[in-house]
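One file, upload_30.pdb, is given below (PDB, C-alpha atoms).
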```pdb
ATOM      1  CA  MET A   1      51.788 -26.611 -39.677
ATOM      2  CA  GLU A   2      51.481 -28.300 -36.295
ATOM      3  CA  ASN A   3      53.504 -31.327 -37.467
ATOM      4  CA  ALA A   4      56.377 -29.046 -38.451
ATOM      5  CA  GLN A   5      56.351 -27.535 -34.955
ATOM      6  CA  ILE A   6      56.327 -30.929 -33.279
ATOM      7  CA  ASN A   7      59.042 -32.246 -35.577
ATOM      8  CA  SER A   8      61.321 -29.291 -34.834
ATOM      9  CA  PHE A   9      60.875 -29.882 -31.096
ATOM     10  CA  ASP A  10      61.500 -33.618 -31.514
ATOM     11  CA  THR A  11      64.630 -32.858 -33.535
ATOM     12  CA  ALA A  12      65.943 -30.537 -30.818
ATOM     13  CA  ALA A  13      65.246 -33.116 -28.109
ATOM     14  CA  LEU A  14      66.790 -35.929 -30.144
ATOM     15  CA  ALA A  15      69.919 -33.864 -30.769
ATOM     16  CA  LEU A  16      70.562 -33.805 -27.019
ATOM     17  CA  TYR A  17      70.799 -37.582 -26.889
ATOM     18  CA  GLN A  18      72.871 -37.998 -30.041
ATOM     19  CA  LYS A  19      75.759 -35.777 -28.940
ATOM     20  CA  PRO A  20      79.093 -37.594 -28.706
ATOM     21  CA  ASN A  21      79.777 -36.205 -25.206
ATOM     22  CA  THR A  22      80.266 -38.985 -22.702
ATOM     23  CA  SER A  23      80.849 -39.030 -18.982
ATOM     24  CA  LEU A  24      83.561 -41.021 -17.207
ATOM     25  CA  THR A  25      81.200 -44.000 -17.057
ATOM     26  CA  GLY A  26      80.731 -43.932 -20.843
ATOM     27  CA  LYS A  27      77.188 -42.568 -20.643
ATOM     28  CA  LYS A  28      76.147 -39.673 -22.873
ATOM     29  CA  THR A  29      76.021 -36.254 -21.235
ATOM     30  CA  VAL A  30      74.541 -32.899 -22.182
ATOM     31  CA  SER A  31      76.310 -29.590 -21.674
ATOM     32  CA  GLN A  32      74.721 -26.878 -19.546
ATOM     33  CA  GLU A  33      74.023 -24.704 -22.613
ATOM     34  CA  GLU A  34      72.345 -27.556 -24.501
ATOM     35  CA  ALA A  35      70.203 -28.428 -21.503
ATOM     36  CA  GLU A  36      69.146 -24.794 -21.054
ATOM     37  CA  LYS A  37      68.247 -24.488 -24.734
ATOM     38  CA  ALA A  38      66.212 -27.695 -24.636
ATOM     39  CA  ALA A  39      64.407 -26.534 -21.493
ATOM     40  CA  LYS A  40      63.592 -23.120 -23.033
ATOM     41  CA  ASP A  41      62.444 -24.771 -26.271
ATOM     42  CA  PHE A  42      60.174 -27.090 -24.320
ATOM     43  CA  GLU A  43      58.716 -24.187 -22.333
ATOM     44  CA  ALA A  44      58.067 -22.218 -25.544
ATOM     45  CA  PHE A  45      56.373 -25.280 -27.081
ATOM     46  CA  PHE A  46      54.281 -25.828 -23.950
ATOM     47  CA  ILE A  47      53.160 -22.190 -23.767
ATOM     48  CA  SER A  48      52.324 -22.170 -27.486
ATOM     49  CA  ARG A  49      50.088 -25.224 -27.118
ATOM     50  CA  MET A  50      48.325 -23.606 -24.138
ATOM     51  CA  MET A  51      47.780 -20.391 -26.056
ATOM     52  CA  GLU A  52      46.456 -22.270 -29.086
ATOM     53  CA  THR A  53      43.389 -23.293 -27.099
ATOM     54  CA  MET A  54      42.886 -19.700 -25.950
ATOM     55  CA  PHE A  55      42.818 -18.431 -29.524
ATOM     56  CA  GLU A  56      40.413 -21.122 -30.780
ATOM     57  CA  GLY A  57      37.425 -19.238 -29.392
ATOM     58  CA  ILE A  58      38.269 -15.947 -31.101
ATOM     59  CA  SER A  59      36.229 -15.330 -34.230
ATOM     60  CA  THR A  60      37.654 -13.490 -37.225
ATOM     61  CA  ASP A  61      36.357 -10.565 -39.222
ATOM     62  CA  GLY A  62      34.282 -11.908 -42.145
ATOM     63  CA  MET A  63      35.235  -9.268 -44.684
ATOM     64  CA  PHE A  64      39.035  -9.372 -44.470
ATOM     65  CA  GLY A  65      39.711 -12.171 -41.995
ATOM     66  CA  GLY A  66      39.527 -15.920 -41.901
ATOM     67  CA  GLY A  67      40.720 -18.486 -44.346
ATOM     68  CA  GLN A  68      43.800 -20.671 -44.523
ATOM     69  CA  ALA A  69      46.248 -17.758 -44.532
ATOM     70  CA  GLU A  70      44.956 -16.489 -41.204
ATOM     71  CA  LYS A  71      45.260 -19.958 -39.670
ATOM     72  CA  VAL A  72      48.894 -20.128 -40.754
ATOM     73  CA  TYR A  73      49.662 -16.599 -39.556
ATOM     74  CA  ARG A  74      47.918 -17.196 -36.230
ATOM     75  CA  SER A  75      49.936 -20.370 -35.702
ATOM     76  CA  LEU A  76      53.200 -18.511 -36.376
ATOM     77  CA  LEU A  77      52.147 -15.641 -34.126
ATOM     78  CA  ILE A  78      51.272 -18.002 -31.269
ATOM     79  CA  ASN A  79      54.681 -19.683 -31.606
ATOM     80  CA  GLU A  80      56.399 -16.305 -31.338
ATOM     81  CA  TYR A  81      54.285 -15.424 -28.294
ATOM     82  CA  GLY A  82      55.390 -18.708 -26.718
ATOM     83  CA  LYS A  83      59.068 -17.981 -27.413
ATOM     84  CA  ALA A  84      58.771 -14.455 -26.012
ATOM     85  CA  MET A  85      57.063 -15.682 -22.843
ATOM     86  CA  ALA A  86      59.613 -18.468 -22.397
ATOM     87  CA  LYS A  87      62.456 -15.908 -22.602
ATOM     88  CA  THR A  88      61.105 -14.112 -19.539
ATOM     89  CA  GLY A  89      61.147 -17.301 -17.475
ATOM     90  CA  SER A  90      58.044 -16.195 -15.592
ATOM     91  CA  ILE A  91      56.154 -19.469 -16.121
ATOM     92  CA  GLY A  92      58.935 -21.651 -14.684
ATOM     93  CA  VAL A  93      58.511 -24.763 -16.812
ATOM     94  CA  ALA A  94      62.085 -24.493 -18.124
ATOM     95  CA  ASP A  95      63.440 -24.514 -14.562
ATOM     96  CA  GLU A  96      61.685 -27.799 -13.822
ATOM     97  CA  VAL A  97      62.827 -29.331 -17.109
ATOM     98  CA  MET A  98      66.417 -28.292 -16.319
ATOM     99  CA  ARG A  99      66.150 -29.911 -12.884
ATOM    100  CA  SER A 100      64.901 -33.111 -14.499
ATOM    101  CA  ILE A 101      67.697 -33.149 -17.094
ATOM    102  CA  ILE A 102      70.332 -32.674 -14.399
ATOM    103  CA  GLU A 103      68.732 -35.332 -12.195
ATOM    104  CA  MET A 104      68.600 -37.828 -15.079
ATOM    105  CA  GLN A 105      72.258 -37.193 -15.885
ATOM    106  CA  GLU A 106      73.240 -37.699 -12.253
ATOM    107  CA  MET A 107      71.313 -40.951 -12.133
ATOM    108  CA  ALA A 108      72.857 -42.114 -15.412
ATOM    109  CA  SER A 109      76.372 -41.271 -14.216
ATOM    110  CA  GLN A 110      75.772 -43.346 -11.072
ATOM    111  CA  GLY A 111      74.484 -46.282 -13.109
ATOM    112  CA  TYR A 112      70.866 -46.021 -12.024
ATOM    113  CA  ILE A 113      68.160 -46.852 -14.533
ATOM    114  CA  ASN A 114      64.491 -46.503 -13.563
ATOM    115  CA  GLY A 115      65.372 -46.290  -9.870
ATOM    116  CA  THR A 116      67.425 -49.496  -9.745
ATOM    117  CA  ASN A 117      71.174 -49.789  -9.744
ATOM    118  CA  ALA A 118      72.233 -51.214 -13.121
ATOM    119  CA  ARG A 119      75.691 -52.139 -11.801
ATOM    120  CA  GLN A 120      74.382 -55.016  -9.690
TER     121      GLN A 120
END
```
Please rewrite the model in this file as structure tokens.
Amino acid sequence: MENAQINSFDTAALALYQKPNTSLTGKKTVSQEEAEKAAKDFEAFFISRMMETMFEGISTDGMFGGGQAEKVYRSLLINEYGKAMAKTGSIGVADEVMRSIIEMQEMASQGYINGTNARQ
């Protein structure tokens, strides 16, 4: 189940870089909406992974709990908790990711790669 979650996040992140949008310098750009969605998705993923460790220590009821089905359900529930918490924006990870995306686009539009000017 975890691989499916990681793959969906990787797919969303990869989609940002495969868009045909290009800036005046020919570099690929991401729209504001796409960047916000990617930032929110990352925050939801991050919160879900944090919450996964919290739930590891909770034991289940022996009579009606436990088993593979509960593991799957718990994983889905944790993902939904992560999405709900990311919607509120109270953690602030998405804001930092957005800042980074914007900063990387500005650097790319100016021709900077890894802190050096690629135009030289």
I would like the residues chosen by the PyMOL selection byres ((chain A and resi 31-43) around 6) on the shown file; could you give them as a list of chain:residue names?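 For this structure, the PyMOL selection byres ((chain A and resi 31-43) around 6) resolves to A:Val30, A:Ala44, A:Phe45, A:Phe46, A:Ala86, A:Val93, A:Ala94, A:Val97, A:Met98.
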Atomic separation - atom CA of A:Thr88 relative to atom CA of A:Met54, Å: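 Between atom CA of A:Met54 and atom CA of A:Thr88 the gap works out to 20.1 Å.
In this model, the gap between atom CA of A:Gln68 and atom CA of A:Glu80 comes to 18.8 Å.
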Atom CA of A:Gly92 to atom CA of A:Glu52: how many Å, to one decimal?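 These atoms are spaced 19.1 Å apart.
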Mind giving me the axis-aligned box for stretch 83-92 of chain A with 5 Å on every side, centre plus edges in Å to one decimal, as JSON?
```
{"center_x": 59.3, "center_y": -17.9, "center_z": -21.0, "size_x": 16.3, "size_y": 17.5, "size_z": 22.7}
```
Rebuild stretch 50-61 of chain A to all heavy atoms - output it as a CSV table (one decimal), in the coordinates of the input, please.
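Once written, part20.csv looks like this:
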```csv
chain,number,residue,atom,x,y,z
A,50,MET,N,49.3,-24.2,-25.0
A,50,MET,CA,48.3,-23.6,-24.1
A,50,MET,C,47.6,-22.4,-24.8
A,50,MET,O,46.4,-22.3,-24.7
A,50,MET,CB,49.0,-23.1,-22.8
A,50,MET,CG,49.2,-24.2,-21.8
A,50,MET,SD,49.7,-23.6,-20.2
A,50,MET,CE,50.1,-21.9,-20.4
A,51,MET,N,48.4,-21.6,-25.4
A,51,MET,CA,47.8,-20.4,-26.1
A,51,MET,C,46.9,-20.7,-27.3
A,51,MET,O,46.0,-20.0,-27.6
A,51,MET,CB,48.9,-19.4,-26.4
A,51,MET,CG,49.6,-18.8,-25.2
A,51,MET,SD,50.8,-17.6,-25.7
A,51,MET,CE,49.7,-16.3,-26.2
A,52,GLU,N,47.2,-21.8,-27.9
A,52,GLU,CA,46.5,-22.3,-29.1
A,52,GLU,C,45.0,-22.5,-28.7
A,52,GLU,O,44.1,-22.1,-29.4
A,52,GLU,CB,47.0,-23.6,-29.6
A,52,GLU,CG,47.3,-23.6,-31.1
A,52,GLU,CD,48.0,-24.8,-31.5
A,52,GLU,OE1,47.5,-25.9,-31.2
A,52,GLU,OE2,49.0,-24.7,-32.2
A,53,THR,N,44.8,-23.1,-27.5
A,53,THR,CA,43.4,-23.3,-27.1
A,53,THR,C,42.7,-22.0,-26.7
A,53,THR,O,41.5,-21.8,-26.9
A,53,THR,CB,43.3,-24.3,-25.9
A,53,THR,OG1,44.1,-23.7,-24.8
A,53,THR,CG2,43.8,-25.6,-26.3
A,54,MET,N,43.5,-21.0,-26.3
A,54,MET,CA,42.9,-19.7,-26.0
A,54,MET,C,42.4,-19.0,-27.2
A,54,MET,O,41.3,-18.4,-27.2
A,54,MET,CB,43.9,-18.8,-25.3
A,54,MET,CG,44.2,-19.1,-23.9
A,54,MET,SD,45.5,-18.1,-23.1
A,54,MET,CE,45.7,-16.7,-24.0
A,55,PHE,N,43.2,-19.1,-28.3
A,55,PHE,CA,42.8,-18.4,-29.5
A,55,PHE,C,41.7,-19.1,-30.3
A,55,PHE,O,41.2,-18.6,-31.3
A,55,PHE,CB,44.1,-18.2,-30.4
A,55,PHE,CG,44.9,-17.1,-30.0
A,55,PHE,CD1,45.9,-17.2,-29.0
A,55,PHE,CD2,44.7,-15.8,-30.5
A,55,PHE,CE1,46.6,-16.1,-28.6
A,55,PHE,CE2,45.5,-14.7,-30.2
A,55,PHE,CZ,46.4,-14.9,-29.2
A,56,GLU,N,41.4,-20.4,-30.0
A,56,GLU,CA,40.4,-21.1,-30.8
A,56,GLU,C,39.0,-20.5,-30.7
A,56,GLU,O,38.3,-20.5,-31.6
A,56,GLU,CB,40.3,-22.6,-30.3
A,56,GLU,CG,41.4,-23.4,-30.8
A,56,GLU,CD,41.3,-24.9,-30.3
A,56,GLU,OE1,40.4,-25.2,-29.5
A,56,GLU,OE2,42.2,-25.6,-30.6
A,57,GLY,N,38.7,-19.8,-29.6
A,57,GLY,CA,37.4,-19.2,-29.4
A,57,GLY,C,37.3,-17.8,-30.0
A,57,GLY,O,36.2,-17.3,-30.0
A,58,ILE,N,38.3,-17.3,-30.5
A,58,ILE,CA,38.3,-15.9,-31.1
A,58,ILE,C,37.8,-16.0,-32.5
A,58,ILE,O,38.4,-16.7,-33.4
A,58,ILE,CB,39.6,-15.2,-31.0
A,58,ILE,CG1,40.0,-15.1,-29.5
A,58,ILE,CG2,39.6,-13.9,-31.7
A,58,ILE,CD1,41.4,-14.6,-29.3
A,59,SER,N,36.7,-15.3,-32.8
A,59,SER,CA,36.2,-15.3,-34.2
A,59,SER,C,37.0,-14.3,-35.0
A,59,SER,O,37.5,-13.3,-34.5
A,59,SER,CB,34.7,-15.1,-34.2
A,59,SER,OG,34.4,-13.8,-33.7
A,60,THR,N,37.0,-14.4,-36.3
A,60,THR,CA,37.7,-13.5,-37.2
A,60,THR,C,36.7,-12.6,-38.0
A,60,THR,O,35.5,-12.9,-38.1
A,60,THR,CB,38.5,-14.2,-38.3
A,60,THR,OG1,37.6,-15.1,-39.0
A,60,THR,CG2,39.6,-15.1,-37.6
A,61,ASP,N,37.2,-11.5,-38.4
A,61,ASP,CA,36.4,-10.6,-39.2
A,61,ASP,C,36.0,-11.2,-40.6
A,61,ASP,O,36.9,-11.7,-41.3
A,61,ASP,CB,37.2,-9.3,-39.4
A,61,ASP,CG,36.4,-8.2,-40.2
A,61,ASP,OD1,35.2,-8.4,-40.4
A,61,ASP,OD2,37.0,-7.3,-40.7
```
